[in-house]
Structure formats: structure tokens, C-alpha cells
>>> print(open('target-v3.txt').read())   # compact mmCIF, C-alpha atoms and all ligand atoms
# COMPACT_ATOMS: atom_id res chain seq x y z
CA MET Z 1 233.56 97.61 250.60
CA PRO Z 2 237.08 96.29 251.22
CA ALA Z 3 237.99 93.05 249.46
CA ALA Z 4 237.68 89.87 251.55
CA PRO Z 5 239.57 86.60 251.06
CA ASP Z 6 237.60 83.85 249.31
CA PRO Z 7 238.70 80.45 250.72
CA ALA Z 8 236.72 78.53 248.03
CA LEU Z 9 238.79 80.19 245.31
CA PHE Z 10 241.89 78.20 246.24
CA ASP Z 11 240.52 74.77 245.25
CA LYS Z 12 238.86 76.17 242.13
CA VAL Z 13 242.14 77.58 240.84
CA VAL Z 14 244.18 74.51 241.81
CA ASN Z 15 241.68 72.26 239.99
CA LEU Z 16 241.66 74.46 236.92
CA CYS Z 17 245.48 74.46 236.90
CA LYS Z 18 245.53 70.67 236.73
CA ARG Z 19 242.60 70.37 234.30
CA ARG Z 20 243.90 72.87 231.77
CA GLY Z 21 247.64 72.20 231.95
CA PHE Z 22 248.91 75.12 234.02
CA VAL Z 23 250.51 73.21 236.90
CA PHE Z 24 250.98 69.50 237.59
CA PRO Z 25 252.20 67.89 240.79
CA SER Z 26 255.81 66.90 240.14
CA ALA Z 27 256.63 63.20 239.55
CA GLU Z 28 252.92 62.42 239.67
CA ILE Z 29 253.23 58.95 238.08
CA TYR Z 30 255.47 58.03 241.03
CA GLY Z 31 252.96 59.31 243.55
CA GLY Z 32 254.18 62.89 243.49
CA PHE Z 33 257.10 64.58 245.20
CA ARG Z 34 256.15 66.68 248.17
CA SER Z 35 255.54 70.35 247.44
CA THR Z 36 257.16 70.40 244.03
CA TYR Z 37 255.30 71.30 240.88
CA ASP Z 38 255.82 71.20 237.15
CA TYR Z 39 254.50 73.89 234.83
CA GLY Z 40 252.51 72.46 231.93
CA PRO Z 41 252.04 73.71 228.37
CA VAL Z 42 249.92 76.68 229.49
CA GLY Z 43 251.62 77.31 232.84
CA VAL Z 44 255.04 77.65 231.24
CA LEU Z 45 253.63 80.43 229.05
CA LEU Z 46 252.03 82.17 232.03
CA LEU Z 47 255.24 82.00 234.05
CA ARG Z 48 257.30 83.21 231.10
CA ASN Z 49 254.90 86.13 230.56
CA VAL Z 50 255.18 87.14 234.23
CA LYS Z 51 258.97 87.13 233.96
CA ASP Z 52 258.93 88.94 230.60
CA ALA Z 53 256.59 91.62 231.98
CA TRP Z 54 258.93 92.12 234.94
CA TRP Z 55 262.03 92.26 232.69
CA ARG Z 56 260.30 94.65 230.32
CA SER Z 57 259.44 97.02 233.14
CA MET Z 58 262.69 96.66 235.11
CA VAL Z 59 265.27 96.43 232.31
CA GLN Z 60 263.93 97.07 228.82
CA LEU Z 61 262.05 100.31 229.59
CA ARG Z 62 264.83 101.77 231.76
CA HIS Z 63 268.18 103.36 231.00
CA ASP Z 64 269.54 102.79 234.51
CA VAL Z 65 269.16 99.02 234.97
CA VAL Z 66 271.10 96.16 233.36
CA GLY Z 67 270.61 92.42 233.71
CA ILE Z 68 272.79 89.48 234.58
CA ASP Z 69 272.38 85.72 234.87
CA ALA Z 70 274.59 84.32 237.62
CA ALA Z 71 275.42 80.73 238.56
CA ILE Z 72 273.17 78.70 240.84
CA LEU Z 73 276.03 76.61 242.27
CA SER Z 74 278.08 78.77 244.54
CA PRO Z 75 281.07 78.42 246.89
CA PRO Z 76 280.67 78.63 250.68
CA ALA Z 77 282.66 81.90 250.71
CA ILE Z 78 279.70 83.82 249.26
CA TRP Z 79 277.33 82.53 251.94
CA GLU Z 80 279.90 83.05 254.65
CA ALA Z 81 280.09 86.72 253.65
CA SER Z 82 276.35 87.18 253.21
CA GLY Z 83 275.65 85.70 256.63
CA HIS Z 84 273.53 82.83 255.28
CA LEU Z 85 275.82 80.11 256.66
CA THR Z 86 275.26 81.29 260.21
CA ASN Z 87 271.95 83.14 260.12
CA PHE Z 88 269.75 81.53 257.47
CA THR Z 89 268.21 79.07 259.87
CA ASP Z 90 264.90 78.02 261.36
CA PRO Z 91 264.54 76.76 264.93
CA LEU Z 92 263.28 73.17 264.82
CA VAL Z 93 261.87 70.89 267.51
CA ASP Z 94 260.98 67.18 267.34
CA CYS Z 95 258.03 65.63 269.11
CA ARG Z 96 259.39 62.70 271.17
CA VAL Z 97 256.04 60.91 270.95
CA CYS Z 98 255.11 61.03 267.25
CA ARG Z 99 258.54 61.99 265.81
CA GLU Z 100 257.09 64.86 263.76
CA ARG Z 101 259.28 67.91 263.29
CA PHE Z 102 258.06 71.49 263.62
CA ARG Z 103 259.25 75.05 263.35
CA PHE Z 104 259.34 76.17 266.95
CA ASP Z 105 258.52 79.80 266.10
CA LYS Z 106 255.38 78.75 264.18
CA LEU Z 107 253.82 76.57 266.90
CA GLU Z 108 250.46 77.78 268.12
CA ASP Z 109 251.21 76.42 271.61
CA PRO Z 110 254.90 75.73 272.37
CA GLU Z 111 253.85 73.10 274.95
CA VAL Z 112 251.50 70.99 272.80
CA CYS Z 113 252.27 68.90 269.70
CA PRO Z 114 249.82 69.89 266.92
CA ASN Z 115 250.12 66.42 265.38
CA CYS Z 116 249.51 64.00 268.28
CA GLY Z 117 248.41 66.33 271.08
CA ALA Z 118 251.20 65.24 273.46
CA GLU Z 119 252.25 67.84 276.04
CA HIS Z 120 255.83 68.79 276.90
CA SER Z 121 257.01 66.30 274.28
CA PHE Z 122 259.33 68.61 272.32
CA THR Z 123 263.11 68.37 272.17
CA GLU Z 124 265.24 71.49 272.59
CA ALA Z 125 265.05 73.77 269.54
CA ARG Z 126 267.95 73.33 267.12
CA ARG Z 127 269.02 75.73 264.36
CA PHE Z 128 268.45 74.17 260.95
CA ASN Z 129 270.12 75.82 257.94
CA LEU Z 130 267.76 76.28 254.98
CA MET Z 131 270.41 76.11 252.28
CA PHE Z 132 270.71 73.03 250.06
CA LYS Z 133 274.24 71.71 250.19
CA THR Z 134 275.83 69.44 247.62
CA TYR Z 135 279.28 68.52 246.34
CA ALA Z 136 281.17 69.63 243.24
CA GLY Z 137 283.46 67.12 241.60
CA PRO Z 138 283.89 63.40 242.22
CA VAL Z 139 284.95 63.63 245.87
CA GLU Z 140 282.46 64.29 248.63
CA GLY Z 141 283.52 66.09 251.76
CA ALA Z 142 284.88 69.33 253.09
CA GLY Z 143 286.48 71.42 250.37
CA ALA Z 144 284.08 70.11 247.71
CA GLU Z 145 280.99 71.62 249.34
CA VAL Z 146 278.85 73.94 247.24
CA TYR Z 147 275.43 75.44 247.82
CA LEU Z 148 272.41 75.93 245.64
CA ARG Z 149 271.78 79.66 245.98
CA PRO Z 150 268.98 80.52 248.43
CA GLU Z 151 268.51 83.92 246.72
CA THR Z 152 269.62 85.50 243.46
CA ALA Z 153 270.68 88.74 245.16
CA GLN Z 154 274.24 87.71 246.01
CA GLY Z 155 274.96 87.17 242.31
CA MET Z 156 274.45 90.90 241.79
CA PHE Z 157 276.64 91.91 244.74
CA VAL Z 158 279.58 89.71 243.78
CA ASN Z 159 279.36 91.03 240.20
CA PHE Z 160 278.97 94.67 241.24
CA LYS Z 161 282.50 95.58 240.22
CA ASN Z 162 282.37 93.67 236.92
CA VAL Z 163 279.12 95.37 235.95
CA LEU Z 164 280.32 98.80 237.06
CA GLU Z 165 283.46 98.45 234.92
CA THR Z 166 281.76 97.09 231.79
CA SER Z 167 278.30 98.67 231.59
CA ARG Z 168 279.20 102.39 231.86
CA LYS Z 169 276.54 102.77 234.57
CA ARG Z 170 277.09 104.71 237.77
CA PRO Z 171 274.93 105.14 240.87
CA PRO Z 172 272.02 105.36 240.92
CA PHE Z 173 271.80 102.23 238.79
CA GLY Z 174 270.50 98.70 239.13
CA ILE Z 175 271.37 95.09 238.32
CA ALA Z 176 268.43 92.78 237.68
CA GLN Z 177 268.21 89.02 237.57
CA ILE Z 178 265.56 86.35 237.18
CA GLY Z 179 266.36 82.83 238.25
CA LYS Z 180 265.76 79.83 240.42
CA SER Z 181 266.57 79.76 244.10
CA PHE Z 182 266.37 76.92 246.60
CA ARG Z 183 265.39 76.86 250.26
CA ASN Z 184 264.92 73.74 252.31
CA GLU Z 185 261.64 74.95 253.82
CA ILE Z 186 260.30 72.79 256.63
CA THR Z 187 256.74 73.76 255.95
CA PRO Z 188 256.18 74.48 252.27
CA GLY Z 189 252.59 74.81 251.21
CA ASN Z 190 249.67 76.64 249.68
CA PHE Z 191 250.25 75.12 246.23
CA VAL Z 192 253.02 77.00 244.39
CA PHE Z 193 253.09 79.81 246.95
CA ARG Z 194 255.86 78.33 249.09
CA THR Z 195 258.04 75.66 247.48
CA ARG Z 196 261.62 74.56 248.06
CA GLU Z 197 262.54 75.34 244.47
CA PHE Z 198 261.19 78.66 243.24
CA GLU Z 199 261.91 81.46 240.85
CA GLN Z 200 262.88 84.97 241.87
CA MET Z 201 262.85 88.33 240.10
CA GLU Z 202 265.27 90.57 241.97
CA MET Z 203 266.90 93.90 241.32
CA GLU Z 204 269.64 95.58 243.36
CA TYR Z 205 269.57 99.34 242.93
CA PHE Z 206 272.85 100.99 243.99
CA VAL Z 207 272.51 104.58 245.18
CA PRO Z 208 274.54 107.26 246.99
CA PRO Z 209 273.78 106.75 250.71
CA ALA Z 210 272.17 110.19 251.02
CA GLU Z 211 269.60 109.26 248.35
CA ALA Z 212 268.63 105.88 249.81
CA ASP Z 213 265.41 106.95 251.55
CA ARG Z 214 264.09 108.66 248.45
CA TRP Z 215 264.81 105.66 246.21
CA TYR Z 216 263.28 103.29 248.75
CA GLU Z 217 260.00 105.23 248.55
CA TYR Z 218 260.25 105.36 244.77
CA TRP Z 219 260.66 101.58 244.42
CA CYS Z 220 257.87 100.82 246.90
CA GLN Z 221 255.41 102.83 244.81
CA THR Z 222 256.77 101.71 241.43
CA ARG Z 223 256.59 98.04 242.29
CA LEU Z 224 253.08 98.26 243.76
CA GLN Z 225 251.89 100.00 240.60
CA TRP Z 226 253.36 97.24 238.38
CA TYR Z 227 250.80 94.73 239.66
CA VAL Z 228 247.94 97.21 239.22
CA ASP Z 229 249.01 98.00 235.65
CA LEU Z 230 248.89 94.29 234.82
CA GLY Z 231 245.32 93.93 235.99
CA ILE Z 232 245.36 93.01 239.69
CA PRO Z 233 242.63 95.05 241.38
CA ALA Z 234 244.12 97.74 243.62
CA ASP Z 235 241.93 96.68 246.55
CA SER Z 236 243.50 93.18 246.45
CA LEU Z 237 246.96 94.72 246.95
CA ARG Z 238 248.58 96.59 249.78
CA LEU Z 239 251.97 97.85 250.81
CA ARG Z 240 252.85 96.83 254.37
CA ALA Z 241 255.85 98.33 256.12
CA HIS Z 242 257.71 95.94 258.44
CA ASP Z 243 257.71 96.72 262.16
CA ALA Z 244 261.09 97.34 263.75
CA ASP Z 245 261.20 93.78 265.18
CA GLU Z 246 260.58 92.24 261.73
CA LEU Z 247 263.47 94.04 260.02
CA SER Z 248 266.69 92.23 259.10
CA HIS Z 249 269.52 93.53 261.24
CA TYR Z 250 271.07 95.33 258.27
CA SER Z 251 267.88 96.85 256.86
CA THR Z 252 266.67 100.33 257.73
CA GLY Z 253 263.35 99.83 255.98
CA THR Z 254 261.41 96.98 254.37
CA SER Z 255 257.92 96.93 252.91
CA ASP Z 256 256.05 94.00 251.44
CA VAL Z 257 253.70 94.15 248.49
CA GLU Z 258 250.93 91.86 249.71
CA PHE Z 259 248.10 90.25 247.78
CA LEU Z 260 244.81 89.10 249.22
CA PHE Z 261 245.17 85.33 248.69
CA PRO Z 262 242.29 82.94 249.56
CA TRP Z 263 244.00 82.38 252.96
CA GLY Z 264 244.46 86.11 253.60
CA TRP Z 265 247.09 88.77 252.95
CA ASP Z 266 250.47 87.33 252.03
CA GLU Z 267 253.72 88.51 250.50
CA LEU Z 268 254.34 88.85 246.76
CA GLU Z 269 257.43 90.99 246.96
CA GLY Z 270 259.68 92.70 249.48
CA ILE Z 271 261.29 96.09 248.94
CA ALA Z 272 264.22 96.64 251.31
CA ASN Z 273 266.80 99.27 252.03
CA ARG Z 274 269.78 96.94 252.61
CA THR Z 275 272.16 99.84 253.30
CA ASP Z 276 275.78 99.05 252.34
CA TYR Z 277 275.67 95.79 254.31
CA ASP Z 278 276.18 93.37 251.41
CA LEU Z 279 278.93 95.27 249.59
CA ARG Z 280 280.71 95.87 252.91
CA GLN Z 281 280.53 92.17 253.80
CA HIS Z 282 281.88 91.11 250.40
CA GLU Z 283 284.60 93.74 250.56
CA GLU Z 284 285.75 92.42 253.94
CA HIS Z 285 285.58 88.74 253.00
CA SER Z 286 287.00 88.95 249.48
CA GLY Z 287 289.58 91.66 250.02
CA GLU Z 288 288.38 93.41 246.82
CA ARG Z 289 287.57 97.11 247.05
CA LEU Z 290 283.97 97.59 246.02
CA GLU Z 291 283.71 101.33 246.57
CA TYR Z 292 282.50 103.62 243.85
CA PHE Z 293 284.65 106.64 243.05
CA ASP Z 294 282.53 109.63 242.18
CA GLN Z 295 284.90 111.71 240.06
CA ALA Z 296 282.71 114.82 239.93
CA ALA Z 297 282.46 115.02 243.72
CA GLY Z 298 285.95 113.59 244.26
CA GLU Z 299 284.72 111.09 246.84
CA ARG Z 300 284.64 107.35 247.38
CA TYR Z 301 281.73 105.54 248.93
CA LEU Z 302 280.06 102.16 249.24
CA PRO Z 303 276.63 102.54 247.63
CA TYR Z 304 273.48 101.75 249.55
CA VAL Z 305 271.20 99.18 247.96
CA ILE Z 306 267.46 99.29 247.48
CA GLU Z 307 266.21 95.82 246.61
CA PRO Z 308 262.79 95.01 245.11
CA ALA Z 309 262.66 91.18 245.34
CA ALA Z 310 259.64 89.39 243.90
CA GLY Z 311 258.71 85.74 243.51
CA ALA Z 312 257.85 84.80 239.91
CA THR Z 313 255.98 81.66 240.83
CA ARG Z 314 253.85 83.23 243.55
CA THR Z 315 253.22 86.24 241.33
CA ALA Z 316 251.93 83.88 238.61
CA MET Z 317 249.65 82.38 241.26
CA ALA Z 318 248.37 85.83 242.25
CA PHE Z 319 247.59 86.61 238.60
CA LEU Z 320 245.64 83.34 238.38
CA MET Z 321 243.68 84.12 241.55
CA ALA Z 322 242.94 87.69 240.49
CA ALA Z 323 241.91 86.68 236.96
CA TYR Z 324 239.54 83.88 237.98
CA ASP Z 325 235.88 84.69 237.40
CA GLU Z 326 232.62 82.78 237.10
CA GLU Z 327 229.45 84.10 235.51
CA GLU Z 328 226.13 83.02 234.09
CA VAL Z 329 225.89 83.56 230.34
CA ALA Z 330 223.23 82.95 227.71
CA ARG Z 331 223.93 79.89 225.61
CA GLU Z 332 224.27 80.81 221.95
CA GLY Z 333 220.89 80.38 220.20
CA GLN Z 334 219.05 78.78 223.14
CA GLY Z 335 218.29 81.66 225.48
CA GLN Z 336 219.02 79.59 228.57
CA GLY Z 337 221.74 80.42 231.05
CA GLU Z 338 224.85 78.40 231.65
CA PRO Z 339 227.86 78.96 233.88
CA ARG Z 340 231.14 80.09 232.41
CA THR Z 341 234.56 80.18 234.02
CA VAL Z 342 236.91 82.77 232.58
CA LEU Z 343 240.40 83.95 233.43
CA ARG Z 344 240.41 87.70 232.79
CA PHE Z 345 244.18 88.02 232.37
CA HIS Z 346 245.77 91.22 231.15
CA PRO Z 347 246.76 90.44 227.51
CA ARG Z 348 250.46 90.62 228.39
CA ILE Z 349 250.00 87.94 231.06
CA ALA Z 350 247.60 85.69 229.10
CA PRO Z 351 249.36 82.44 228.02
CA TYR Z 352 247.86 82.52 224.52
CA LYS Z 353 246.90 85.82 222.95
CA VAL Z 354 244.81 84.28 220.16
CA ALA Z 355 243.21 80.90 219.46
CA VAL Z 356 242.59 79.90 215.85
CA LEU Z 357 239.52 77.67 215.52
CA PRO Z 358 238.25 76.27 212.21
CA LEU Z 359 234.53 75.58 212.59
CA SER Z 360 235.08 72.05 211.31
CA LYS Z 361 238.16 69.98 210.63
CA LYS Z 362 237.22 69.47 207.00
CA PRO Z 363 240.23 70.12 204.75
CA GLU Z 364 238.57 73.13 203.05
CA LEU Z 365 238.49 74.94 206.43
CA GLN Z 366 241.73 73.48 207.78
CA GLU Z 367 243.75 75.01 204.99
CA PRO Z 368 242.64 78.64 205.48
CA ALA Z 369 242.82 78.16 209.26
CA ILE Z 370 246.47 77.09 209.06
CA ASP Z 371 247.08 80.06 206.77
CA VAL Z 372 245.57 82.44 209.36
CA LEU Z 373 247.56 80.74 212.13
CA SER Z 374 250.84 81.13 210.26
CA ARG Z 375 250.13 84.84 209.72
CA LEU Z 376 249.66 85.38 213.47
CA GLN Z 377 252.28 83.07 214.97
CA PRO Z 378 255.30 85.32 214.29
CA HIS Z 379 253.59 88.01 216.38
CA PHE Z 380 251.80 86.22 219.23
CA MET Z 381 251.63 82.92 221.04
CA CYS Z 382 248.64 81.20 219.42
CA ASP Z 383 246.67 78.08 220.22
CA TYR Z 384 245.13 75.95 217.47
CA ASP Z 385 242.16 73.67 218.11
CA GLU Z 386 239.95 71.98 215.51
CA THR Z 387 237.94 69.38 217.41
CA GLN Z 388 234.73 69.58 219.52
CA ALA Z 389 231.74 71.88 219.18
CA ILE Z 390 232.75 75.53 218.82
CA GLY Z 391 230.95 76.49 222.06
CA ARG Z 392 233.03 74.05 224.06
CA ARG Z 393 236.22 75.28 222.42
CA TYR Z 394 235.31 78.87 223.39
CA ARG Z 395 234.81 77.74 227.01
CA ARG Z 396 238.20 76.05 226.99
CA GLN Z 397 239.86 79.23 225.73
CA ASP Z 398 237.97 81.22 228.39
CA GLU Z 399 239.51 78.96 231.04
CA LEU Z 400 242.96 79.53 229.54
CA GLY Z 401 242.33 83.29 229.56
CA THR Z 402 242.86 83.69 225.80
CA PRO Z 403 241.77 87.26 224.92
CA TYR Z 404 240.66 86.53 221.33
CA CYS Z 405 239.34 83.55 219.39
CA VAL Z 406 239.47 83.63 215.60
CA THR Z 407 236.94 81.33 213.93
CA ILE Z 408 237.20 80.22 210.32
CA ASP Z 409 233.81 79.13 208.89
CA PHE Z 410 232.40 78.26 205.47
CA ASP Z 411 231.68 81.94 204.72
CA THR Z 412 235.44 82.52 205.05
CA LEU Z 413 235.87 80.68 201.74
CA THR Z 414 233.91 83.39 199.91
CA ASP Z 415 234.21 86.59 202.00
CA LYS Z 416 237.88 86.07 203.02
CA ALA Z 417 236.95 87.14 206.54
CA VAL Z 418 236.91 85.51 209.99
CA THR Z 419 234.94 85.92 213.22
CA VAL Z 420 236.87 87.47 216.11
CA ARG Z 421 235.40 86.74 219.53
CA ASP Z 422 236.28 88.84 222.56
CA ARG Z 423 236.90 86.83 225.75
CA ASP Z 424 235.40 89.31 228.20
CA SER Z 425 232.35 90.62 226.32
CA MET Z 426 231.92 87.54 224.10
CA ALA Z 427 231.10 90.04 221.32
CA GLN Z 428 231.88 88.82 217.81
CA ASP Z 429 233.21 90.90 214.91
CA ARG Z 430 233.64 89.92 211.28
CA VAL Z 431 237.15 90.94 210.24
CA PRO Z 432 238.84 90.56 206.81
CA ILE Z 433 241.84 88.21 206.96
CA GLU Z 434 243.94 90.93 205.30
CA GLY Z 435 243.46 93.29 208.26
CA LEU Z 436 243.29 90.64 211.01
CA LEU Z 437 246.80 91.09 212.40
CA GLU Z 438 246.38 94.88 212.76
CA HIS Z 439 242.90 94.39 214.27
CA LEU Z 440 244.32 92.08 216.97
CA GLN Z 441 247.46 94.11 217.58
CA ALA Z 442 245.40 97.26 218.20
CA ARG Z 443 243.21 95.48 220.76
CA LEU Z 444 245.90 93.47 222.53
CA ASP Z 445 248.15 96.53 222.86
CA LEU Z 446 251.15 94.45 223.91
ZN ZN V 1 253.59 64.58 268.51
>>> encode(input="target-v3.txt", output="C-alpha cells")
Amino acid sequence: MPAAPDPALFDKVVNLCKRRGFVFPSAEIYGGFRSTYDYGPVGVLLLRNVKDAWWRSMVQLRHDVVGIDAAILSPPAIWEASGHLTNFTDPLVDCRVCRERFRFDKLEDPEVCPNCGAEHSFTEARRFNLMFKTYAGPVEGAGAEVYLRPETAQGMFVNFKNVLETSRKRPPFGIAQIGKSFRNEITPGNFVFRTREFEQMEMEYFVPPAEADRWYEYWCQTRLQWYVDLGIPADSLRLRAHDADELSHYSTGTSDVEFLFPWGWDELEGIANRTDYDLRQHEEHSGERLEYFDQAAGERYLPYVIEPAAGATRTAMAFLMAAYDEEEVAREGQGQGEPRTVLRFHPRIAPYKVAVLPLSKKPELQEPAIDVLSRLQPHFMCDYDETQAIGRRYRRQDELGTPYCVTIDFDTLTDKAVTVRDRDSMAQDRVPIEGLLEHLQARLDL
């Protein structure tokens, strides 16, 4: 049976995010700030793990990709060349009756205001640029204008020559970057899915033009598989090729990796063949030659670019949605069922890998518990929790998605061993403290 969206899942995950410290509404004590979010103590770990997993796969495990970290503030010249100053716009209309503003191309009925129901109340559509503009230096005005980047990609194009000259790479090779981008979206929404400030994970892969189609196929498949390898069920993912009328004018092929969110299929990542559009634009606007000289073949060319561009924040959200599970489990020692919520994260994505839990906070258990904690901390992100009944602490760790809980009890004082509880099976093993690190490392397989 094909997977179906589960609308109830949305509220469950949003509530859990607030309750357990994944995501908070931004500026909440001031009433919140529309569609912005802060990542809490657990969410920051989740987001970091998503980015680390991407970097590991895209940079660390490859010989043909290097990373950069480019500036967020950027001069108008870059966005002039990239086309963003003229083309990165949404058509907006205002309702003359209720004063609400809408994206004209997203209206269900272009004649009727969805807010107040007035007919024929819209103004003419105007182009609204989505880039955030600000000023550098103490003087506002023309000449001091700068933009917050609306994508990380241009940082790779404008550094193409620098990287080529310093990294000893030659096509096919890639430049990867993770960082924040900013878009003044008119209709952000769906929790952290669409926000004005978001984090991207992008890679520009420069290839000889004749090899572009092959590499486009390669990156489509490679990127889809990345999500599967990190535990998202294959039937909740699909690769959707854009129709001709959806393609950017410079792209000869774009496919989206889509995830089945509670509201339906939506984009996690786009893989595009951007041709030589960007390098050609920057060559023309900057006057710098950006061609690659292939000495073996004795020819110069502008490389084509295959770009896998993913959103870190929405990918973190997809991992949360995919990991969320509820089940009925027997309560320890009582034989009666109780519900349990568990996030079945892949260990690499899980915020904490291990939680260390002394059965009581008496000093004779606290001391060996801290000793166990300090043995594990250099190797994994660990949580430490010594209050509440142990059953409730297990449930909390289940809701954080922690793969293993290590419990220190009074037997530990004599047998020098601890209880290791598995998140998914809830099975418990007695493991000597001396071999604990190896026991966990073998199971986590990070
Ligand atoms: Zn209206």
C-alpha cells in the first residue's frame, strides 16, 4: 500500500518539539515573531547532526568535493549578475477592502479575496523582490546597499576561480557549502518548513558540458539514497522531475526530492542542471575569465554545473516526521499497557546517542554515574538525568530519540556493570563498565 499523508502528525510533532526543547517560537516572551523559530537544546543537536551527515557524505567521504564558507552580506553586483535583482520576485496584489496582501499566482480564485470574500477588489499585481536589503556602513542610501544572500550557491560561483587555483581540483569536481539564506517570503508557513531565515546545504558540481546529463542522473540518485540511508522510509520519498514550464530559464533539467509531509508531497531538495549560466553571467559582469583550461585536451570551456540544493531546516523536520512513532507497551512489572511516543531516529541523526541515568541521585550512585558519563562524553553527545522515576526518564529519552540509555543501579557498586536499554526494542543488557564504550560504539555504528 502506498504511504498516505497523516494530517494529525503535524500537530503531534510541533507539540513534541516545544515540549522537549527541539524548536521554540522565536521571541516568545514578546508574543513571538511571525514565522521565525529558535532551535532549543535538543533541536540544535538535531540540526547539527543533519548538517554533519550531509557534510560527511558530500565532502568528507569524497575526493572530488571541497567546502567553503562564504559571506552572507553581499554587494548588489553579485545579484545583478545572477539575475536575482530583476527576476527573484513574486507578483503581489492588495485587497482594496480588507488591505490584506496576497501572492497573485497562489490565489485559488483571482477574482475573490480569500480573507474577506470581496470580489474584484484586487489591485494590479506588482513585482515584489524577495531579497532582504540593508545598508553597510554608517550612511544609508544608494551605494551603501547590500543584500542578505537569498541562496548560498552564488558564493561557490564567485569563488570558482579561487578554489580551482588553490585546491588542485579539476572538473568534474564540486564546491559545497552549508549556511543561512534569507528570503522575504510573503506566505511562510508549515512550522519550520518555509521560513524567511533558513539554512541551506548546497553543492555546485562543475563538469565538462558533454558529461552534464550523466552527472545530473548520478546526483539525483545519490541524493535520494542519502535520505533512505539515514532512515527515511523509501515509500515516503520520491524523485519528481520538473515539467518544462516549471524549469528555470537556464536549467535543462531539475528534479525535486520530495517527502510525504502531513500536508502532502513537498520539496526537500532540488537537483538542477544549471548549464554554464552562472559562470557565464559572472564572467560577463565581472570581466574575469572563468573558463577552465583542460591541458590534456588542449581546450578551454566553461563548465556546466549540477547543483544538489537541500534545506537543512526542512530536512530536520522531515527526519522528525519520519521518526515519530506511537505504540502501546507493557508497563514494567505491571502487565498493563500504556502508550509510548518514540522518535526512531537513525543513530547519526539522533540528538543524544546515549543517556546516563543513575537509578537514584544518592551520592553513591551519582559518583559512578558521572564516571560513566565522562568515559562516554569524548565519543558521543550524552544526556545526563538523575531525577524522576526511571520509567518516566526512559519515556523522555524515547521522545528525544536517544538510541541507548545507560542505568547505574546499586548492583553497579558490586558488579561494576550497568544496564543498557535499547530505544526501539526496550531490551535491557547488563554490560561491564570496562567494555561499555565498545558495546555502544558497535551498536551505534556512527
Ligand atoms: Zn479582502
>>> residues_near_ligand(input="target-v3.txt", ligand="ligand ZN 1 (chain V)", cutoff="10 Å", atoms="only C-alpha atoms and all ligand atoms", output="MDAnalysis selection string")
chainID Z and resid 94:102 112:122
>>> residues_around(input="target-v3.txt", residues="Val420 (chain Z)", least_positions_apart="3", cutoff="6 Å", atoms="only C-alpha atoms", output="PDB file with C-alpha atoms, keeping the file's coordinate frame")
ATOM      1  CA  CYS Z 405     239.340  83.550 219.390  1.00  0.00           C
ATOM      2  CA  VAL Z 406     239.470  83.630 215.600  1.00  0.00           C
ATOM      3  CA  GLN Z 428     231.880  88.820 217.810  1.00  0.00           C
ATOM      4  CA  ASP Z 429     233.210  90.900 214.910  1.00  0.00           C
TER       5      ASP Z 429
END
>>> atom_distance(input="target-v3.txt", atom1="CA of Tyr147 (chain Z)", atom2="CA of Lys106 (chain Z)")
26.1 Å
>>> closest_residue(input="target-v3.txt", among="Z:Pro150, Z:Gly32, Z:Pro41, Z:Pro75", to="Thr89 (chain Z)", atoms="only C-alpha atoms")
Z:Pro150
>>> closest_atom_pairs(input="target-v3.txt", of="region 34-54 of chain Z", to="region 184-196 of chain Z", cutoff="8 Å", atoms="only C-alpha atoms", output="CSV")
residue,atom,partner,partner_atom,distance
Z:Ser35,CA,Z:Thr195,CA,5.9
Z:Thr36,CA,Z:Thr195,CA,6.4
Z:Tyr37,CA,Z:Val192,CA,7.1
>>> atom_distance(input="target-v3.txt", atom1="CA of Glu124 (chain Z)", atom2="CA of Val93 (chain Z)")
6.1 Å
>>> closest_residue(input="target-v3.txt", among="Z:Glu211, Z:Asp276, Z:Asp398, Z:Asp243", to="Leu302 (chain Z)", atoms="all atoms listed in the file")
Z:Asp276
>>> closest_atom_pairs(input="target-v3.txt", of="region 393-425 of chain Z", to="region 315-333 of chain Z", cutoff="12 Å", atoms="all atoms listed in the file", output="JSON lines")
{"residue": "Z:Tyr394", "atom": "CA", "partner": "Z:Glu332", "partner_atom": "CA", "distance": 11.3}
{"residue": "Z:Arg395", "atom": "CA", "partner": "Z:Val329", "partner_atom": "CA", "distance": 11.2}
{"residue": "Z:Asp398", "atom": "CA", "partner": "Z:Asp325", "partner_atom": "CA", "distance": 9.9}
{"residue": "Z:Glu399", "atom": "CA", "partner": "Z:Tyr324", "partner_atom": "CA", "distance": 8.5}
{"residue": "Z:Leu400", "atom": "CA", "partner": "Z:Leu320", "partner_atom": "CA", "distance": 10.0}
{"residue": "Z:Gly401", "atom": "CA", "partner": "Z:Ala323", "partner_atom": "CA", "distance": 8.2}
{"residue": "Z:Thr402", "atom": "CA", "partner": "Z:Ala323", "partner_atom": "CA", "distance": 11.6}
{"residue": "Z:Arg423", "atom": "CA", "partner": "Z:Asp325", "partner_atom": "CA", "distance": 11.9}
{"residue": "Z:Asp424", "atom": "CA", "partner": "Z:Asp325", "partner_atom": "CA", "distance": 10.3}
{"residue": "Z:Ser425", "atom": "CA", "partner": "Z:Val329", "partner_atom": "CA", "distance": 10.4}
>>> closest_residue(input="target-v3.txt", among="Z:His379, Z:Glu197, Z:Met131, Z:Pro91", to="Ser26 (chain Z)", atoms="all atoms listed in the file")
Z:Glu197
>>> residues_near_point(input="target-v3.txt", point="(235.9, 77.0, 209.6)", cutoff="12 Å", atoms="all atoms listed in the file", output="count of residues only")
35
>>> residues_around(input="target-v3.txt", residues="region 152-167 of chain Z", least_positions_apart="3", cutoff="10 Å", atoms="only C-alpha atoms", output="PyMOL selection string")
chain Z and resi 65-72+74+78-79+81-82+149+170-171+173-182+199-206+278-283+286+288-292+305+307+309
>>> residues_around(input="target-v3.txt", residues="Glu269 (chain Z)", least_positions_apart="3", cutoff="6 Å", atoms="only C-alpha atoms", output="PyMOL selection string")
chain Z and resi 256-257+309-310
>>> residues_near_point(input="target-v3.txt", point="(261.0, 98.0, 244.3)", cutoff="8 Å", atoms="all atoms listed in the file", output="list in words")
Met203, Tyr216, Tyr218, Trp219, Cys220, Gln221, Thr222, Arg223, Leu224, Gly270, Ile271, Ala272, Ile306, Glu307, Pro308 and Ala309 of chain Z
>>> closest_residue(input="target-v3.txt", among="Z:Pro233, Z:Lys169, Z:Ala355, Z:Tyr384", to="His63 (chain Z)", atoms="only C-alpha atoms")
Z:Lys169
>>> axis_aligned_box(input="target-v3.txt", around="region 289-305 of chain Z", padding_each_side="6 Å", output="AutoDock Vina command-line options")
--center_x 279.4 --center_y 106.1 --center_z 244.7 --size_x 28.4 --size_y 29.9 --size_z 21.6
>>> atom_distance(input="target-v3.txt", atom1="CA of Thr86 (chain Z)", atom2="CA of Glu258 (chain Z)")
28.5 Å
